[in-house]
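Visitor: Sharing structure-v3.tsv here; it has TSV, C-alpha atoms.
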chain	number	residue	atom	x	y	z
A	1	MET	CA	-75.31	27.97	-34.05
A	2	ALA	CA	-76.42	31.48	-33.03
A	3	PRO	CA	-75.35	32.69	-29.56
A	4	ALA	CA	-77.67	31.64	-26.75
A	5	PRO	CA	-80.18	34.41	-25.97
A	6	PRO	CA	-80.25	36.03	-22.54
A	7	PRO	CA	-82.65	34.62	-19.91
A	8	ALA	CA	-86.26	35.80	-20.10
A	9	ALA	CA	-85.91	36.67	-23.80
A	10	SER	CA	-89.06	36.50	-25.91
A	11	PHE	CA	-89.23	34.47	-29.14
A	12	SER	CA	-91.86	34.33	-31.83
A	13	PRO	CA	-92.88	30.94	-33.31
A	14	ALA	CA	-91.18	32.02	-36.54
A	15	GLU	CA	-87.90	32.67	-34.71
A	16	VAL	CA	-88.08	29.26	-33.05
A	17	GLN	CA	-88.71	27.72	-36.46
A	18	ARG	CA	-85.60	29.41	-37.89
A	19	ARG	CA	-83.47	28.02	-35.11
A	20	LEU	CA	-84.88	24.52	-35.59
A	21	ALA	CA	-84.22	24.78	-39.33
A	22	ALA	CA	-80.61	25.80	-38.56
A	23	GLY	CA	-80.14	22.52	-36.69
A	24	ASP	CA	-80.64	23.71	-33.12
A	25	CYS	CA	-82.51	21.45	-30.73
A	26	TRP	CA	-85.13	23.49	-28.86
A	27	VAL	CA	-88.02	22.06	-26.87
A	28	ARG	CA	-90.62	23.76	-24.76
A	29	CYS	CA	-92.68	23.26	-21.64
A	30	GLY	CA	-95.76	25.41	-22.05
A	31	ALA	CA	-94.48	28.83	-23.04
A	32	ARG	CA	-90.98	28.23	-21.64
A	33	LEU	CA	-88.27	27.44	-24.20
A	34	TYR	CA	-85.16	25.31	-23.65
A	35	ASP	CA	-82.09	24.99	-25.88
A	36	LEU	CA	-80.72	21.43	-25.69
A	37	THR	CA	-78.29	21.82	-28.60
A	38	GLY	CA	-75.20	21.83	-26.38
A	39	PHE	CA	-76.48	18.83	-24.47
A	40	VAL	CA	-76.96	16.64	-27.57
A	41	ARG	CA	-73.50	17.58	-28.81
A	42	HIS	CA	-71.96	15.99	-25.72
A	43	HIS	CA	-74.44	13.12	-25.45
A	44	PRO	CA	-74.54	11.54	-28.91
A	45	GLY	CA	-76.43	8.53	-27.57
A	46	GLY	CA	-79.45	10.73	-26.88
A	47	GLU	CA	-79.19	12.91	-29.96
A	48	GLN	CA	-81.58	10.89	-32.14
A	49	LEU	CA	-84.29	10.92	-29.48
A	50	LEU	CA	-83.91	14.64	-28.68
A	51	ARG	CA	-83.76	15.66	-32.34
A	52	ALA	CA	-86.99	13.74	-32.89
A	53	ARG	CA	-88.63	15.84	-30.15
A	54	ALA	CA	-87.13	19.18	-31.29
A	55	GLY	CA	-89.78	21.89	-31.29
A	56	GLU	CA	-92.28	19.82	-29.34
A	57	ASP	CA	-93.96	20.43	-26.01
A	58	VAL	CA	-92.43	18.00	-23.50
A	59	SER	CA	-94.78	18.84	-20.59
A	60	ALA	CA	-96.68	15.57	-20.96
A	61	ASP	CA	-93.40	13.65	-20.74
A	62	LEU	CA	-92.39	15.50	-17.58
A	63	ASP	CA	-95.76	15.29	-15.83
A	64	GLY	CA	-96.78	11.86	-17.05
A	65	PRO	CA	-95.65	8.51	-15.67
A	66	PRO	CA	-93.39	7.83	-13.90
A	67	HIS	CA	-94.64	10.79	-11.82
A	68	ARG	CA	-92.02	10.50	-9.09
A	69	HIS	CA	-89.24	11.76	-11.37
A	70	SER	CA	-91.10	14.72	-12.88
A	71	ALA	CA	-89.76	17.30	-10.41
A	72	ASN	CA	-86.17	16.17	-10.98
A	73	ALA	CA	-86.65	16.21	-14.77
A	74	ARG	CA	-87.93	19.77	-14.57
A	75	ARG	CA	-84.93	20.78	-12.46
A	76	TRP	CA	-82.61	19.22	-15.03
A	77	LEU	CA	-84.37	21.07	-17.86
A	78	GLU	CA	-84.18	24.47	-16.16
A	79	GLN	CA	-80.45	24.88	-16.77
A	80	TYR	CA	-81.21	25.05	-20.52
A	81	TYR	CA	-83.92	27.73	-20.22
A	82	VAL	CA	-83.52	30.50	-22.81
A	83	GLY	CA	-86.79	32.47	-22.75
A	84	GLU	CA	-90.52	32.60	-23.38
A	85	LEU	CA	-92.58	31.83	-26.45
A	86	GLN	CA	-94.67	34.73	-27.72
A	87	GLY	CA	-98.36	34.42	-28.48
A	88	ASP	CA	-101.28	32.40	-27.27
A	89	PRO	CA	-100.15	29.06	-25.74
A	90	GLN	CA	-102.39	26.91	-27.97
A	91	GLY	CA	-101.25	24.85	-30.98
A	92	SER	CA	-97.89	23.46	-32.19
A	93	VAL	CA	-94.49	25.18	-32.44
A	94	GLU	CA	-93.20	22.99	-35.20
A	95	ASN	CA	-96.14	24.08	-37.39
A	96	GLY	CA	-95.71	27.77	-36.58
A	97	THR	CA	-98.33	27.82	-33.79
A	98	VAL	CA	-98.23	27.17	-30.08
A	99	ALA	CA	-99.50	23.93	-28.50
A	100	SER	CA	-101.91	23.83	-25.57
A	101	VAL	CA	-100.49	22.68	-22.27
A	102	ASN	CA	-101.40	22.76	-18.62
A	103	THR	CA	-98.14	23.92	-17.11
A	104	GLN	CA	-97.44	22.78	-13.59
A	105	LYS	CA	-96.45	25.61	-11.28
A	106	THR	CA	-93.25	24.86	-9.43
A	107	ASP	CA	-92.90	25.55	-5.74
A	108	PRO	CA	-90.45	28.47	-5.37
A	109	LEU	CA	-89.08	26.90	-2.19
A	110	MET	CA	-88.11	23.80	-4.15
A	111	GLU	CA	-86.90	25.46	-7.36
A	112	PRO	CA	-83.09	25.33	-7.62
A	113	LYS	CA	-81.13	27.75	-9.80
A	114	PHE	CA	-78.58	26.01	-11.99
A	115	LYS	CA	-75.73	27.66	-13.82
A	116	VAL	CA	-76.16	27.85	-17.58
A	117	VAL	CA	-72.93	26.28	-18.83
A	118	ASP	CA	-71.16	26.47	-22.16
A	119	TRP	CA	-69.52	23.07	-21.82
A	120	ASP	CA	-66.85	23.94	-24.41
A	121	LYS	CA	-65.76	27.05	-22.49
A	122	ASP	CA	-66.04	25.87	-18.89
A	123	LEU	CA	-62.96	25.91	-16.64
A	124	VAL	CA	-62.69	22.11	-16.88
A	125	ASP	CA	-63.02	19.65	-19.74
A	126	TRP	CA	-66.21	17.69	-18.99
A	127	ARG	CA	-65.22	14.98	-21.49
A	128	LYS	CA	-62.41	13.93	-19.12
A	129	PRO	CA	-62.39	12.88	-15.44
A	130	LEU	CA	-62.65	15.97	-13.25
A	131	LEU	CA	-60.66	14.96	-10.17
A	132	TRP	CA	-57.24	15.64	-11.67
A	133	GLN	CA	-58.41	18.91	-13.23
A	134	VAL	CA	-60.00	20.74	-10.28
A	135	GLY	CA	-56.72	21.16	-8.39
A	136	HIS	CA	-55.48	23.44	-11.17
A	137	LEU	CA	-58.41	25.85	-10.73
A	138	GLY	CA	-56.66	27.53	-7.81
A	139	GLU	CA	-58.49	30.59	-6.52
A	140	LYS	CA	-61.28	30.01	-9.05
A	141	TYR	CA	-62.18	26.63	-7.51
A	142	ASP	CA	-64.43	27.88	-4.68
A	143	GLU	CA	-66.64	29.93	-6.98
A	144	TRP	CA	-66.71	27.22	-9.67
A	145	VAL	CA	-67.65	24.39	-7.32
A	146	HIS	CA	-70.60	26.34	-5.92
A	147	GLN	CA	-72.18	26.87	-9.35
A	148	PRO	CA	-74.33	23.71	-9.59
A	149	VAL	CA	-74.96	21.78	-12.79
A	150	THR	CA	-77.30	18.86	-13.40
A	151	ARG	CA	-75.08	16.49	-15.35
A	152	PRO	CA	-73.30	13.60	-13.57
A	153	ILE	CA	-69.60	13.75	-12.74
A	154	ARG	CA	-66.84	11.33	-13.65
A	155	LEU	CA	-63.96	11.43	-11.19
A	156	PHE	CA	-61.47	8.75	-12.28
A	157	HIS	CA	-59.93	7.40	-15.49
A	158	SER	CA	-60.19	3.79	-14.29
A	159	ASP	CA	-63.63	2.25	-14.85
A	160	LEU	CA	-63.13	0.03	-11.79
A	161	ILE	CA	-62.19	2.87	-9.43
A	162	GLU	CA	-64.98	5.02	-10.87
A	163	ALA	CA	-67.50	2.24	-10.20
A	164	LEU	CA	-66.22	1.84	-6.62
A	165	SER	CA	-66.67	5.57	-6.01
A	166	LYS	CA	-70.39	5.30	-6.72
A	167	THR	CA	-72.97	3.91	-4.31
A	168	ALA	CA	-76.63	2.96	-4.61
A	169	TRP	CA	-78.75	4.49	-1.82
A	170	TYR	CA	-80.04	1.12	-0.60
A	171	SER	CA	-76.51	-0.13	0.17
A	172	VAL	CA	-76.48	1.98	3.36
A	173	PRO	CA	-79.46	0.34	5.15
A	174	LEU	CA	-78.59	-3.04	3.61
A	175	ILE	CA	-75.07	-3.05	5.06
A	176	TRP	CA	-75.45	-1.19	8.37
A	177	THR	CA	-78.96	-2.02	9.65
A	178	PRO	CA	-78.07	-5.67	10.45
A	179	LEU	CA	-75.10	-4.41	12.49
A	180	VAL	CA	-77.36	-2.01	14.43
A	181	LEU	CA	-79.79	-4.85	15.21
A	182	TYR	CA	-77.02	-7.23	16.30
A	183	LEU	CA	-75.23	-4.69	18.52
A	184	SER	CA	-78.51	-3.53	20.09
A	185	TRP	CA	-79.40	-7.11	21.02
A	186	SER	CA	-75.88	-7.90	22.24
A	187	TYR	CA	-75.41	-4.82	24.45
A	188	TYR	CA	-78.93	-5.00	25.89
A	189	ARG	CA	-78.17	-8.58	26.99
A	190	THR	CA	-74.97	-7.35	28.62
A	191	PHE	CA	-76.90	-4.71	30.59
A	192	ALA	CA	-79.54	-7.29	31.54
A	193	GLN	CA	-76.86	-9.43	33.22
A	194	GLY	CA	-76.23	-6.59	35.69
A	195	ASN	CA	-72.45	-6.50	35.38
A	196	VAL	CA	-72.02	-3.07	33.81
A	197	ARG	CA	-70.53	-0.39	36.07
A	198	LEU	CA	-69.55	3.17	35.21
A	199	PHE	CA	-66.20	4.58	36.46
A	200	ALA	CA	-65.04	1.10	37.46
A	201	SER	CA	-61.70	1.68	35.74
A	202	PHE	CA	-61.05	4.71	38.00
A	203	SER	CA	-62.49	3.62	41.34
A	204	THR	CA	-64.07	0.36	42.41
A	205	GLU	CA	-65.49	1.95	45.54
A	206	TYR	CA	-67.31	4.76	43.73
A	207	SER	CA	-68.30	2.97	40.52
A	208	VAL	CA	-71.95	3.21	39.51
A	209	ALA	CA	-74.05	0.20	38.54
A	210	MET	CA	-75.81	0.58	35.18
A	211	PRO	CA	-79.20	-1.21	35.04
A	212	LYS	CA	-80.78	-2.29	31.75
A	213	SER	CA	-83.25	0.61	32.03
A	214	VAL	CA	-80.47	3.03	30.95
A	215	PHE	CA	-80.11	1.28	27.58
A	216	PRO	CA	-82.77	3.40	25.75
A	217	GLY	CA	-81.32	6.63	27.14
A	218	LEU	CA	-77.79	5.75	26.02
A	219	PHE	CA	-79.11	4.76	22.61
A	220	VAL	CA	-80.92	8.11	22.20
A	221	LEU	CA	-77.77	9.88	23.42
A	222	GLY	CA	-75.93	8.21	20.55
A	223	LEU	CA	-78.54	9.52	18.09
A	224	LEU	CA	-78.13	13.04	19.49
A	225	LEU	CA	-74.33	12.87	19.38
A	226	TRP	CA	-74.49	11.73	15.75
A	227	SER	CA	-76.65	14.73	14.83
A	228	LEU	CA	-73.97	17.00	16.35
A	229	THR	CA	-71.21	15.08	14.56
A	230	GLU	CA	-73.13	15.36	11.29
A	231	TYR	CA	-73.35	19.13	11.72
A	232	LEU	CA	-69.68	19.59	12.67
A	233	ILE	CA	-68.37	17.43	9.81
A	234	HIS	CA	-70.59	19.17	7.28
A	235	ARG	CA	-69.70	22.64	8.48
A	236	PHE	CA	-65.99	22.42	9.25
A	237	LEU	CA	-64.73	19.59	7.01
A	238	PHE	CA	-67.05	19.44	4.03
A	239	HIS	CA	-67.31	23.24	3.78
A	240	MET	CA	-63.72	24.15	4.45
A	241	LYS	CA	-62.34	26.54	1.84
A	242	PRO	CA	-59.16	24.93	0.51
A	243	PRO	CA	-56.25	27.32	-0.15
A	244	GLY	CA	-56.04	28.27	-3.80
A	245	ASP	CA	-52.37	27.28	-3.95
A	246	SER	CA	-52.93	23.77	-2.55
A	247	TYR	CA	-53.59	21.31	-5.38
A	248	TYR	CA	-54.12	18.34	-3.06
A	249	LEU	CA	-56.40	20.08	-0.55
A	250	ILE	CA	-58.63	21.12	-3.45
A	251	LEU	CA	-58.67	17.51	-4.64
A	252	LEU	CA	-59.53	16.34	-1.12
A	253	HIS	CA	-62.36	18.84	-0.79
A	254	PHE	CA	-63.76	17.92	-4.20
A	255	VAL	CA	-63.79	14.20	-3.34
A	256	LEU	CA	-65.31	14.72	0.11
A	257	HIS	CA	-68.04	17.20	-0.76
A	258	GLY	CA	-67.23	19.57	-3.61
A	259	GLN	CA	-68.39	17.17	-6.30
A	260	HIS	CA	-71.75	16.90	-4.51
A	261	HIS	CA	-72.25	20.67	-4.59
A	262	LYS	CA	-71.19	20.82	-8.22
A	263	ALA	CA	-73.59	18.04	-9.26
A	264	PRO	CA	-76.23	17.82	-6.49
A	265	PHE	CA	-78.48	15.50	-8.52
A	266	ASP	CA	-75.85	12.88	-9.31
A	267	GLU	CA	-77.71	10.16	-7.41
A	268	SER	CA	-74.79	7.70	-7.50
A	269	ARG	CA	-72.78	9.98	-5.19
A	270	LEU	CA	-75.39	11.02	-2.64
A	271	VAL	CA	-74.57	8.43	0.04
A	272	PHE	CA	-71.17	7.51	1.43
A	273	PRO	CA	-69.44	4.48	-0.16
A	274	PRO	CA	-69.20	1.54	2.31
A	275	VAL	CA	-65.39	1.27	2.40
A	276	PRO	CA	-64.54	4.84	3.50
A	277	ALA	CA	-67.67	4.85	5.67
A	278	SER	CA	-66.45	1.74	7.49
A	279	LEU	CA	-63.16	3.48	8.31
A	280	GLY	CA	-64.99	6.40	9.93
A	281	ILE	CA	-67.38	4.07	11.75
A	282	ALA	CA	-64.47	2.00	13.09
A	283	PHE	CA	-62.77	5.19	14.35
A	284	PHE	CA	-65.83	6.31	16.34
A	285	TYR	CA	-66.34	2.81	17.74
A	286	ALA	CA	-62.73	2.64	18.96
A	287	LEU	CA	-62.95	6.13	20.45
A	288	LEU	CA	-66.10	5.35	22.46
A	289	GLN	CA	-64.69	2.03	23.63
A	290	LEU	CA	-61.59	3.87	24.84
A	291	LEU	CA	-63.57	6.48	26.77
A	292	LEU	CA	-66.43	4.39	28.21
A	293	PRO	CA	-67.12	0.86	29.47
A	294	GLU	CA	-67.66	-1.55	26.61
A	295	ALA	CA	-71.44	-1.88	26.89
A	296	VAL	CA	-71.96	1.85	27.55
A	297	GLY	CA	-69.75	3.00	24.70
A	298	GLY	CA	-71.13	0.28	22.44
A	299	THR	CA	-74.73	1.34	23.08
A	300	VAL	CA	-73.96	5.00	22.42
A	301	PHE	CA	-72.13	3.93	19.24
A	302	THR	CA	-75.10	1.83	18.09
A	303	GLY	CA	-77.47	4.77	18.49
A	304	GLY	CA	-75.03	6.92	16.53
A	305	LEU	CA	-74.82	4.30	13.78
A	306	LEU	CA	-78.61	4.34	13.43
A	307	GLY	CA	-78.37	8.14	13.26
A	308	TYR	CA	-75.89	7.83	10.40
A	309	ILE	CA	-78.25	5.53	8.48
A	310	LEU	CA	-81.16	7.94	8.98
A	311	TYR	CA	-78.95	10.86	7.93
A	312	ASP	CA	-77.87	9.25	4.64
A	313	MET	CA	-81.43	8.16	3.82
A	314	THR	CA	-82.79	11.60	4.70
A	315	HIS	CA	-80.15	13.28	2.55
A	316	TYR	CA	-81.03	11.11	-0.44
A	317	TYR	CA	-84.75	11.77	0.04
A	318	LEU	CA	-84.22	15.54	0.31
A	319	HIS	CA	-82.71	15.43	-3.18
A	320	PHE	CA	-85.02	12.96	-4.90
A	321	GLY	CA	-88.14	12.67	-2.74
A	322	SER	CA	-91.39	14.61	-2.98
A	323	PRO	CA	-92.45	15.28	0.63
A	324	HIS	CA	-95.96	16.46	1.39
A	325	LYS	CA	-96.18	20.25	1.68
A	326	GLY	CA	-96.08	21.41	5.26
A	327	SER	CA	-94.46	18.21	6.55
A	328	TYR	CA	-91.18	18.07	8.46
A	329	LEU	CA	-89.34	16.61	5.48
A	330	TYR	CA	-90.83	19.29	3.20
A	331	ASN	CA	-89.37	21.99	5.44
A	332	MET	CA	-86.02	20.19	5.58
A	333	LYS	CA	-85.98	19.85	1.80
A	334	ALA	CA	-86.63	23.58	1.34
A	335	HIS	CA	-83.84	24.21	3.89
A	336	HIS	CA	-81.42	21.96	1.98
A	337	VAL	CA	-82.31	23.38	-1.45
A	338	LYS	CA	-81.44	26.85	-0.14
A	339	HIS	CA	-78.17	25.50	1.24
A	340	HIS	CA	-77.17	24.18	-2.19
A	341	PHE	CA	-78.36	27.03	-4.38
A	342	ALA	CA	-78.28	30.20	-2.29
A	343	HIS	CA	-76.56	29.95	1.12
A	344	GLN	CA	-73.74	27.41	0.97
A	345	GLN	CA	-72.12	28.76	4.14
A	346	SER	CA	-75.16	28.26	6.37
A	347	GLY	CA	-77.88	25.69	6.91
A	348	PHE	CA	-75.53	22.77	7.61
A	349	GLY	CA	-78.09	20.49	9.26
A	350	ILE	CA	-79.40	17.69	7.03
A	351	SER	CA	-81.69	15.65	9.27
A	352	THR	CA	-82.40	18.45	11.77
A	353	LYS	CA	-81.99	22.22	12.15
A	354	LEU	CA	-81.26	21.83	15.89
A	355	TRP	CA	-77.57	22.66	15.69
A	356	ASP	CA	-78.11	25.42	13.13
A	357	HIS	CA	-80.33	27.04	15.78
A	358	PHE	CA	-77.78	26.42	18.53
A	359	PHE	CA	-74.74	27.71	16.59
A	360	HIS	CA	-76.63	30.50	14.78
A	361	THR	CA	-76.05	29.19	11.25
A	362	LEU	CA	-79.63	29.26	10.01
A	363	MET	CA	-80.33	30.75	6.59
A	364	PRO	CA	-80.11	34.58	6.68
A	365	GLU	CA	-83.85	35.01	6.06
A	366	GLU	CA	-84.77	32.69	8.89
A	367	PRO	CA	-84.96	34.11	12.45
A	368	HIS	CA	-82.27	32.92	14.81
A	369	LEU	CA	-83.22	31.30	18.07
A	370	LYS	CA	-82.13	33.59	20.91
A	371	MET	CA	-79.86	31.63	23.21
A	372	GLN	CA	-79.96	32.39	26.93
Go ahead and express the file in the form of structure tokens.

Guide:
Amino acid sequence: MAPAPPPAASFSPAEVQRRLAAGDCWVRCGARLYDLTGFVRHHPGGEQLLRARAGEDVSADLDGPPHRHSANARRWLEQYYVGELQGDPQGSVENGTVASVNTQKTDPLMEPKFKVVDWDKDLVDWRKPLLWQVGHLGEKYDEWVHQPVTRPIRLFHSDLIEALSKTAWYSVPLIWTPLVLYLSWSYYRTFAQGNVRLFASFSTEYSVAMPKSVFPGLFVLGLLLWSLTEYLIHRFLFHMKPPGDSYYLILLHFVLHGQHHKAPFDESRLVFPPVPASLGIAFFYALLQLLLPEAVGGTVFTGGLLGYILYDMTHYYLHFGSPHKGSYLYNMKAHHVKHHFAHQQSGFGISTKLWDHFFHTLMPEEPHLKMQ
């Protein structure tokens, strides 16, 4: 196979034909050309299908049903972009002419930039589980992990452990929403009985009665505290830079968040698996119960748990949803795309930019909110 041409190269129909005749697998979307030869080499199950479409215009496949995946399919295809087709975009490449197509303009705010990878020469062997390889990257790890690709990641040798490391998005509301509903009902009843007092453990004389009317405020406080926790975890834990000489800290970072930045469209790893999530949830519950009266701490915790559910669902939607232009979620998606593909050390808010404003970590091109 001839070396891949540089980006934005220009190819005549005859040149494309020569490459197809040599066994390369090129497809096009309008006048844009994509070389899928390396992909089919590593995905033999899809080789027959892709070879059958070699030279064809795949725009109709991307823009046709099911429509909701077209944007993600285009993002996946972009990492294989090699250049533009010369001539009038009418006709058929495989017959030496150029087929007509109505190309869909992509929104520049939503257009990620993937690394073009030679899978045979990458720093890791993609045919093997990555977890035990990344620790050996040393000082090269930080740069490597922030060069996104669109293929999924395998972490473990064991099929069972690998399956347990993946999570369907709907498992989060399915598991945790019933707990939110039960705790909300239970703690509201406790407040309604009129026996909840603040500071009772320190002073009976100066303790403060807590009526049931404070329940909504405590619940919203929990939501707000979760948004702060979300920001702090994302910024200081998920985006820590592990020392290049620490094999195990690199492994830890890759498991926690590095694998998500390397493969941001691996949908099986976009939400937190229930088992490790339950450990974190239990920790925050115990901490609030230690610091506050049971019903007060429990209500704040319940609001925070709802915040966690909304965070995970928002995060999944920002990767795979198609929000209406100008909407809140559209702006958050543009914010998150820039975090993944341009400014990994800023823009840490997922469900809100509030704390990015407060701590001055907005994207460089966005104005900071002046704090008094």

Visitor: Can you pull out the residues contacting A:Phe219? Cut-off 6 Å, using all atoms listed in the file, and skip same-chain residues under 3 positions away; I want them as a list in words.

Guide: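 Final neighbour list, sorted by chain and number: Pro216, Gly222, Thr299, Val300 and Gly303 of chain A.
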
Visitor: Export, as an mmCIF file, in the frame of the given file, the selected residues with C-alpha atoms.

Guide:
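Done, and the output landed in selection07.cif:
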data_model
loop_
_atom_site.group_PDB
_atom_site.id
_atom_site.type_symbol
_atom_site.label_atom_id
_atom_site.label_comp_id
_atom_site.auth_asym_id
_atom_site.auth_seq_id
_atom_site.Cartn_x
_atom_site.Cartn_y
_atom_site.Cartn_z
ATOM 1 C CA PRO A 216 -82.770 3.400 25.750
ATOM 2 C CA GLY A 222 -75.930 8.210 20.550
ATOM 3 C CA THR A 299 -74.730 1.340 23.080
ATOM 4 C CA VAL A 300 -73.960 5.000 22.420
ATOM 5 C CA GLY A 303 -77.470 4.770 18.490
#

Visitor: Please indicate the distance in Å from atom CA of A:Pro129 to atom CA of A:Gln147, rounded to one decimal place.

Guide: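 Distance reported for this atom pair: 18.1 Å.
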
Visitor: Which residue gives the smallest distance to A:Lys121 among A:Gly38, A:Gly138, A:Pro264, A:Gly280, with only C-alpha atoms counted?

Guide: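 Comparing A:Gly38, A:Gly138, A:Pro264, A:Gly280 against A:Lys121, the winner is A:Gly38.
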
Visitor: Counting only C-alpha atoms, select every polymer residue within 9 Å of (-80.0, 5.2, -8.2) as defined in the file's coordinates, and provide the selection as a list in words.

Guide: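 Output: Thr167, Ala168, Trp169, Tyr170, Asp266, Glu267 and Ser268 of chain A.
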
Visitor: Nearest to A:Leu223: which of A:Leu77, A:Leu310, A:Leu362, A:Val117 is it, counting all atoms listed in the file?

Guide: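 The closest residue to A:Leu223 is A:Leu310.
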
Visitor: Between atom CA of A:Ile161 and atom CA of A:Leu174, what is the distance, to one decimal in Å?

Guide: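 So the answer is 21.8 Å.
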
Visitor: Have a look at atom CA of A:Arg18 and atom CA of A:Tyr80 and let me know their distance in Å, one decimal.

Guide: 18.4 Å

Visitor: Env of A:Val180: 10 Å cut, atoms = only C-alpha atoms, seq-sep filter 2 positions within chain, self excluded. Answer as a list in words.

Guide: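 Surrounding residues, per the criterion: Pro173, Ile175, Trp176, Thr177, Pro178, Tyr182, Leu183, Ser184, Trp185, Ser186, Thr299, Phe301, Thr302, Gly303, Gly304, Leu305, Leu306 and Ile309 of chain A.
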
Visitor: Which residue gives the smallest distance to A:Ala295 among A:Arg154, A:Arg19, A:Arg127, A:Arg189, with only C-alpha atoms counted?

Guide: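 Checking each of A:Arg154, A:Arg19, A:Arg127, A:Arg189 against A:Ala295, counting only C-alpha atoms, the winner is A:Arg189.
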
Visitor: Which residue gives the smallest distance to A:Ala192 among A:Leu179, A:Pro211, A:Tyr330, A:Met240, with all atoms listed in the file counted?

Guide: A:Pro211

Visitor: Tell me, as a ChimeraX atom specification, which residues lie within 12 Å of stretch 247-257 of chain A, counting all atoms listed in the file; anything in the same chain fewer than 2 positions away does not count.

Guide: /A:130-142,144-146,153-156,162,165-166,233-245,259-264,269-273,276-277,340,344

Visitor: Of the candidates A:Pro274, A:Gly258, A:Gly349, A:Gly83, which shows the shortest atom-to-atom distance to A:His315, using only C-alpha atoms?

Guide: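 When distances to A:His315 are compared using only C-alpha atoms, the smallest one comes from A:Gly349.
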
Visitor: Write out as a list in words the residues lying within 8 Å of A:Tyr81, counting only C-alpha atoms and excluding same-chain residues fewer than 4 positions away.

Guide: Pro7, Arg32, Leu33, Tyr34, Asp35 and Leu77 of chain A

Visitor: Using all atoms listed in the file for the distances, tell me which of A:Leu291, A:Ala334, A:Ala9, A:Leu354 is nearest to A:Val82.

Guide: A:Ala9
